[in-house]
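The file target-v4.txt contains compact mmCIF, C-alpha atoms:
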# COMPACT_ATOMS: atom_id res chain seq x y z
CA MET O 1 193.18 247.67 58.81
CA ALA O 2 191.30 250.38 56.98
CA ALA O 3 187.95 248.63 57.22
CA PRO O 4 188.03 248.06 61.02
CA ALA O 5 189.18 251.66 61.51
CA ALA O 6 186.31 252.95 59.39
CA ALA O 7 183.85 250.78 61.30
CA ALA O 8 185.22 252.01 64.62
CA ALA O 9 184.91 255.61 63.44
CA LEU O 10 181.33 254.96 62.38
CA VAL O 11 180.46 253.46 65.77
CA TRP O 12 182.17 256.33 67.57
CA GLY O 13 180.35 258.87 65.43
CA TYR O 14 177.01 257.21 66.11
CA ARG O 15 177.67 257.16 69.88
CA ALA O 16 178.74 260.80 69.80
CA TYR O 17 175.55 261.69 67.94
CA ARG O 18 173.41 259.76 70.46
CA ALA O 19 175.20 261.48 73.35
CA TYR O 20 174.68 264.89 71.74
CA ALA O 21 170.99 264.13 71.04
CA ALA O 22 170.50 263.00 74.64
CA HIS O 23 172.18 266.18 75.89
CA GLU O 24 169.96 268.34 73.67
CA ALA O 25 166.83 266.50 74.82
CA ALA O 26 167.81 266.90 78.46
CA GLN O 27 168.49 270.61 77.97
CA THR O 28 165.13 271.05 76.21
CA THR O 29 163.37 269.27 79.08
CA ILE O 30 165.08 271.52 81.64
CA GLU O 31 164.18 274.65 79.66
CA ALA O 32 160.55 273.52 79.28
CA ALA O 33 160.32 272.88 83.02
CA GLU O 34 161.76 276.32 83.76
CA THR O 35 159.27 277.98 81.40
CA LEU O 36 156.36 276.05 82.91
CA ALA O 37 157.45 277.11 86.41
CA GLN O 38 157.54 280.74 85.27
CA ILE O 39 154.06 280.40 83.79
CA ASN O 40 152.67 279.01 87.05
CA ASP O 41 154.31 281.85 89.01
CA ARG O 42 152.83 284.41 86.62
CA LYS O 43 149.34 282.99 87.06
CA LYS O 44 149.56 283.70 90.78
CA GLU O 45 150.83 287.22 90.11
CA VAL O 46 147.97 287.91 87.69
CA GLN O 47 145.35 286.95 90.28
CA ALA O 48 146.89 289.39 92.76
CA ILE O 49 147.72 292.32 90.47
CA LEU O 50 144.56 292.29 88.33
CA LYS O 51 142.14 291.40 91.12
CA ASP O 52 140.00 294.53 90.60
CA VAL O 53 140.02 294.15 86.80
CA ILE O 54 138.87 290.55 87.06
CA GLN O 55 136.08 291.48 89.50
CA ASN O 56 134.88 294.32 87.26
CA MET O 57 134.70 292.04 84.25
CA LYS O 58 132.84 289.47 86.32
CA ASP O 59 130.28 292.11 87.29
CA GLU O 60 129.86 293.21 83.66
CA ILE O 61 129.56 289.74 82.16
CA ASP O 62 126.19 290.40 80.49
CA VAL O 63 127.10 293.77 79.00
CA LYS O 64 127.81 294.12 75.27
CA SER O 65 131.42 295.16 74.67
CA SER O 66 130.56 297.88 72.14
CA THR O 67 128.61 299.81 74.79
CA PHE O 68 131.83 300.63 76.66
CA VAL O 69 133.78 303.87 76.16
CA ARG O 70 136.29 303.38 73.37
CA THR O 71 139.43 305.24 72.38
CA GLY O 72 141.79 305.02 69.42
CA GLY O 73 145.56 304.85 69.20
CA ASN O 74 148.05 307.68 68.77
CA THR O 75 148.78 308.36 65.09
CA THR O 76 150.83 311.46 65.96
CA VAL O 77 153.60 309.07 67.02
CA SER O 78 155.49 306.83 64.61
CA ARG O 79 158.24 304.32 65.22
CA GLY O 80 159.41 304.79 61.65
CA ARG O 81 158.68 303.55 58.15
CA SER O 82 155.63 305.89 58.07
CA GLU O 83 153.58 303.29 59.91
CA ASN O 84 151.34 305.98 61.40
CA VAL O 85 150.30 306.89 57.85
CA THR O 86 150.23 303.44 56.25
CA TYR O 87 148.27 301.85 59.10
CA ARG O 88 146.45 304.93 60.34
CA GLN O 89 142.93 303.44 60.26
CA TYR O 90 144.04 300.39 62.28
CA ILE O 91 145.90 302.50 64.86
CA GLU O 92 142.92 304.82 65.24
CA CYS O 93 140.43 301.95 65.54
CA LYS O 94 138.44 302.55 68.72
CA ILE O 95 138.28 299.53 70.97
CA PRO O 96 136.79 298.88 74.41
CA PHE O 97 139.00 297.88 77.34
CA ARG O 98 142.03 299.76 76.00
CA PRO O 99 143.11 300.76 79.55
CA VAL O 100 142.95 297.13 80.72
CA ILE O 101 144.72 295.84 77.62
CA SER O 102 147.39 298.53 78.02
CA THR O 103 147.94 297.67 81.68
CA VAL O 104 148.58 294.04 80.75
CA CYS O 105 150.86 294.89 77.82
CA GLN O 106 152.93 297.41 79.76
CA TRP O 107 153.40 294.86 82.53
CA ALA O 108 154.54 292.33 79.92
CA LEU O 109 156.94 294.92 78.52
CA LYS O 110 158.53 295.57 81.91
CA SER O 111 158.67 292.00 83.25
CA PRO O 112 158.35 289.46 80.43
CA LEU O 113 158.80 285.73 80.68
CA THR O 114 162.30 284.73 79.62
CA VAL O 115 163.51 281.48 78.13
CA PRO O 116 167.11 280.38 77.57
CA ARG O 117 168.22 279.94 73.98
CA ARG O 118 171.43 278.13 73.17
CA ILE O 119 173.57 279.59 70.41
CA ARG O 120 176.94 278.61 68.97
CA LYS O 121 179.65 281.11 68.16
CA LYS O 122 182.54 280.19 65.94
CA ILE O 123 185.97 281.58 66.66
CA PRO O 124 189.19 280.70 64.86
CA GLY O 125 189.94 277.05 65.57
CA ASP O 126 187.02 276.45 67.96
CA ALA O 127 183.29 276.75 68.55
CA ILE O 128 181.74 278.00 71.76
CA GLU O 129 178.22 277.22 72.94
CA THR O 130 176.58 279.87 75.07
CA THR O 131 173.10 280.67 76.35
CA ILE O 132 171.17 283.92 76.10
CA ASP O 133 167.76 284.82 77.54
CA ILE O 134 164.97 285.63 75.11
CA ALA O 135 162.19 287.91 76.40
CA LEU O 136 158.72 286.71 75.41
CA LYS O 137 156.70 289.93 75.71
CA GLN O 138 153.79 288.87 73.50
CA THR O 139 153.60 285.45 75.15
CA THR O 140 153.53 287.11 78.58
CA ALA O 141 150.65 289.39 77.59
CA SER O 142 148.72 286.51 76.03
CA LEU O 143 149.26 284.41 79.12
CA VAL O 144 147.77 287.15 81.32
CA PHE O 145 144.69 287.46 79.10
CA GLU O 146 144.33 283.66 79.15
CA VAL O 147 144.57 283.51 82.96
CA VAL O 148 141.92 286.22 83.33
CA ASP O 149 139.68 284.30 80.93
CA ASP O 150 140.17 281.15 82.98
CA LEU O 151 139.34 282.96 86.23
CA LEU O 152 136.13 284.21 84.63
CA ALA O 153 135.06 280.67 83.69
CA TRP O 154 136.11 281.40 80.07
CA GLN O 155 133.66 284.28 79.76
CA SER O 156 136.13 287.14 79.47
CA PRO O 157 135.57 289.53 76.56
CA LEU O 158 139.31 289.30 75.81
CA LYS O 159 140.45 286.11 74.08
CA ALA O 160 144.19 285.50 73.78
CA GLU O 161 145.40 284.17 70.43
CA PRO O 162 142.25 282.20 69.53
CA ASN O 163 142.63 280.07 66.42
CA TYR O 164 140.50 280.36 63.28
CA ASP O 165 140.60 278.20 60.16
CA LYS O 166 142.11 280.51 57.56
CA ALA O 167 140.16 279.09 54.62
CA SER O 168 136.69 278.81 56.18
CA ARG O 169 137.04 281.58 58.85
CA VAL O 170 135.51 279.16 61.36
CA ALA O 171 136.56 279.59 65.00
CA ILE O 172 138.30 276.57 66.54
CA LEU O 173 136.39 276.22 69.80
CA GLY O 174 137.32 274.38 72.95
CA ASP O 175 135.25 273.15 75.89
CA PRO O 176 133.28 275.18 76.85
CA THR O 177 132.74 276.82 73.46
CA THR O 178 133.82 280.20 74.84
CA ARG O 179 137.28 278.75 75.46
CA PRO O 180 139.95 278.75 72.71
CA LYS O 181 141.04 275.22 71.87
CA ARG O 182 144.70 274.45 72.54
CA ILE O 183 146.82 271.59 71.20
CA SER O 184 149.56 271.53 73.82
CA GLU O 185 148.81 270.69 77.45
CA PHE O 186 151.73 272.80 78.69
CA PHE O 187 152.27 275.75 76.36
CA PRO O 188 148.89 277.21 75.38
CA PHE O 189 149.77 279.16 72.25
CA TRP O 190 152.06 276.79 70.35
CA PRO O 191 151.86 274.71 68.26
CA ARG O 192 148.82 275.93 66.37
CA PRO O 193 146.44 273.93 64.20
CA LYS O 194 147.67 273.65 60.62
CA GLY O 195 146.19 276.26 58.30
CA SER O 196 144.99 278.49 61.13
CA LEU O 197 145.20 282.19 61.95
CA ALA O 198 145.50 283.48 65.51
CA PRO O 199 145.17 287.24 66.14
CA ASP O 200 147.07 288.36 69.23
CA LEU O 201 143.83 289.36 70.92
CA VAL O 202 140.15 289.16 70.05
CA ILE O 203 137.47 291.27 71.74
CA VAL O 204 134.06 289.63 71.60
CA GLU O 205 130.73 291.43 71.74
CA TYR O 206 128.81 288.95 73.88
CA ARG O 207 131.12 287.25 76.36
CA GLN O 208 128.89 284.30 77.13
CA GLN O 209 128.85 283.31 73.43
CA PRO O 210 131.57 281.66 71.30
CA PHE O 211 134.20 283.86 69.64
CA ASP O 212 132.87 283.24 66.12
CA VAL O 213 133.74 285.99 63.64
CA GLU O 214 130.16 287.29 63.79
CA ASN O 215 130.56 287.83 67.55
CA VAL O 216 133.93 289.61 67.29
CA PHE O 217 134.03 293.35 67.88
CA ALA O 218 137.72 293.64 66.93
CA ALA O 219 140.81 291.55 66.26
CA VAL O 220 143.80 293.34 67.80
CA GLU O 221 147.36 293.03 66.53
CA ILE O 222 149.76 293.94 69.36
CA LYS O 223 153.26 295.17 68.55
CA PHE O 224 155.97 295.57 71.17
CA PRO O 225 159.16 297.58 70.53
CA ASN O 226 161.34 296.27 67.67
CA ASP O 227 158.43 294.25 66.27
CA TRP O 228 157.45 295.85 62.98
CA VAL O 229 153.96 295.84 61.50
CA LYS O 230 153.62 293.42 58.57
CA ARG O 231 151.19 294.27 55.78
CA ASP O 232 150.35 290.65 54.91
CA GLN O 233 149.53 289.95 58.57
CA ILE O 234 147.07 292.86 58.72
CA GLU O 235 145.55 291.81 55.39
CA ASP O 236 145.06 288.25 56.68
CA TYR O 237 143.14 289.54 59.70
CA VAL O 238 141.00 291.83 57.53
CA ALA O 239 140.11 288.84 55.34
CA LEU O 240 139.39 286.78 58.45
CA MET O 241 136.97 289.47 59.66
CA GLY O 242 135.02 289.22 56.39
CA SER O 243 136.99 292.00 54.63
CA ASN O 244 135.79 294.42 57.29
CA ASN O 245 138.83 296.56 58.08
CA ARG O 246 136.90 298.33 60.83
CA LYS O 247 137.14 295.13 62.87
CA VAL O 248 140.96 295.10 62.89
CA ALA O 249 142.96 297.23 65.34
CA LEU O 250 146.68 297.83 65.76
CA LEU O 251 148.02 298.54 69.25
CA ARG O 252 151.67 299.49 69.59
CA VAL O 253 153.11 299.22 73.07
CA PRO O 254 153.65 301.67 74.66
CA GLU O 255 152.82 304.30 72.00
CA ASP O 256 149.09 303.57 71.81
CA CYS O 257 148.54 303.03 75.52
CA PRO O 258 146.60 305.72 77.44
CA GLY O 259 148.85 308.31 79.05
CA TYR O 260 151.83 307.67 76.77
CA LYS O 261 154.17 310.65 76.36
CA PRO O 262 157.15 310.63 73.98
CA SER O 263 160.52 311.02 75.67
CA ALA O 264 162.20 314.42 75.53
CA GLY O 265 164.78 313.15 73.04
CA LYS O 266 162.18 312.24 70.44
CA SER O 267 159.86 314.28 68.29
CA ARG O 268 156.11 313.65 68.20
CA HIS O 269 156.73 311.46 65.16
CA GLY O 270 159.02 309.11 67.06
CA SER O 271 162.38 310.04 65.56
CA PRO O 272 165.20 312.07 67.15
CA PRO O 273 165.04 315.81 66.38
CA ARG O 274 167.38 316.99 63.63
CA ARG O 275 170.36 319.12 64.53
CA THR O 276 170.74 322.46 62.82
CA ARG O 277 174.09 323.94 61.96

Final structure tokens representation of the file:
Amino acid sequence: MAAPAAAAALVWGYRAYRAYAAHEAAQTTIEAAETLAQINDRKKEVQAILKDVIQNMKDEIDVKSSTFVRTGGNTTVSRGRSENVTYRQYIECKIPFRPVISTVCQWALKSPLTVPRRIRKKIPGDAIETTIDIALKQTTASLVFEVVDDLLAWQSPLKAEPNYDKASRVAILGDPTTRPKRISEFFPFWPRPKGSLAPDLVIVEYRQQPFDVENVFAAVEIKFPNDWVKRDQIEDYVALMGSNNRKVALLRVPEDCPGYKPSAGKSRHGSPPRRTR
């Protein structure tokens, strides 16, 4: 009797696994569809909200990026860990289009794409599955830059998460060659080619030319709140730019956006003021 019982348990376990796998696949499909719908909605919003920005870039398509007025970030403000000292040169790096970049990033901060993420919580004697929404601020900003690039026939000076071969520093070009190549047909920024690096944003000098390293004015690392700067990440981008640390910029949102003012409860260095007895 033991053998048939064991076989029945094995069959039941296999069916339970198949049912669970089917459920997971169905949930993933639903979540992917929801994300894709959000992306399509955002594309329409971008065309409406950034209409003037897109037109201005279209009018300036033959102008070299480095000829535009450039401003640096705010090193008088720190989120902590002495980042404004450790990464001072990258924060202060002067880049063109900072107002436009800041507008996009602040919009992404206020109304990011959200995706559901299923998590399991264990309680005594049971396990509960629940769903929380994850805000994709960086993905939202990158999506906006990508949509603007598309609307400009892939001749925008701002390239969202373009991929470069880490070993050879060669840009992975799409069609046309001013367009970053993507692997996925649905989600543009993931997965990435194996062994590649993808700065959050690349500003090219000549917009009608490929985003090869030689044509890059600056690679910009964008950090939203609660996303700490990583030394190895900055070092990778410096190496990618031919060991030229002047071509790597750090933009913290909202601290390095034009017009930013620290809240009354924080000091100019980003931490709460100390109480005196």

### Selection near O:Leu50, 12 Å with only C-alpha atoms, sequence-local residues under 6 positions removed, as a ChimeraX atom specification
/O:42-44,56-57,100-101,103-104,107,144-145,147-149,151

### Message
Using all atoms listed in the file for the distances, tell me which of O:Ile222, O:Val63, O:Val202, O:Leu158 is nearest to O:Cys257.
### Response
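Going through O:Ile222, O:Val63, O:Val202, O:Leu158 one by one, the smallest distance to O:Cys257 is for O:Ile222.
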
### Query
Around (150.1, 300.3, 68.7) in the file's frame, which residues reach within 10 Å when counting all atoms listed in the file? Return as a ChimeraX atom specification?
/O:72-75,77-79,83-84,87,90-92,102,220-225,229,249-257

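When only C-alpha atoms are used to measure the gap to O:Tyr206, the shortest distance among O:Asp150, O:Asp52, O:Glu60, O:Asp175 belongs to O:Glu60.
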
### Gap from atom CA of O:Arg98 to atom CA of O:Glu214 - Å, one decimal
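About the pair atom CA of O:Arg98 and atom CA of O:Glu214: they are 21.1 Å apart.
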
### Query
Counting all atoms listed in the file, which of O:Asp62, O:Glu205, O:Glu146, O:Asp212 gets nearest to O:Phe189?
O:Glu146

### Query
Between O:Cys105, O:Val85, O:Leu136, O:Leu143, which is the closest to O:Val46 once you count all atoms listed in the file?
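Counting all atoms listed in the file, the residue closest to O:Val46 is O:Leu143.
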
### Query
Mind listing as number ranges by chain all residues within 9 Å of (143.4, 288.6, 64.4), counting all atoms listed in the file?
O: 161-164, 197-202, 218-221, 233-234, 236-238, 240-241, 248-249

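Our summary of the geometry notes that atom CA of O:Pro157 is positioned 9.1 Å from atom CA of O:Phe97.
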
### Task
Find the residue from O:Lys230, O:Lys94, O:Arg81, O:Arg192 that sits nearest to O:Phe68; use all atoms listed in the file when measuring.
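Of O:Lys230, O:Lys94, O:Arg81, O:Arg192, the one nearest O:Phe68, counting all atoms listed in the file, is O:Lys94.
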
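Nearest to O:Ser142 of all the residues O:Ile39, O:Gly80, O:Gly174, O:Trp228 is O:Ile39, counting all atoms listed in the file.
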
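Rounded to one decimal, atom CA of O:Val53 and atom CA of O:Thr67 lie 17.5 Å from each other.
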
### Query
Can you tell me, as a VMD selection string, what residues are no more than 9 Å from O:Lys58 when counting all atoms listed in the file, ignoring any on the same chain fewer than 3 positions away?
chain O and resid 53 to 55 61 to 62 152 155 to 156
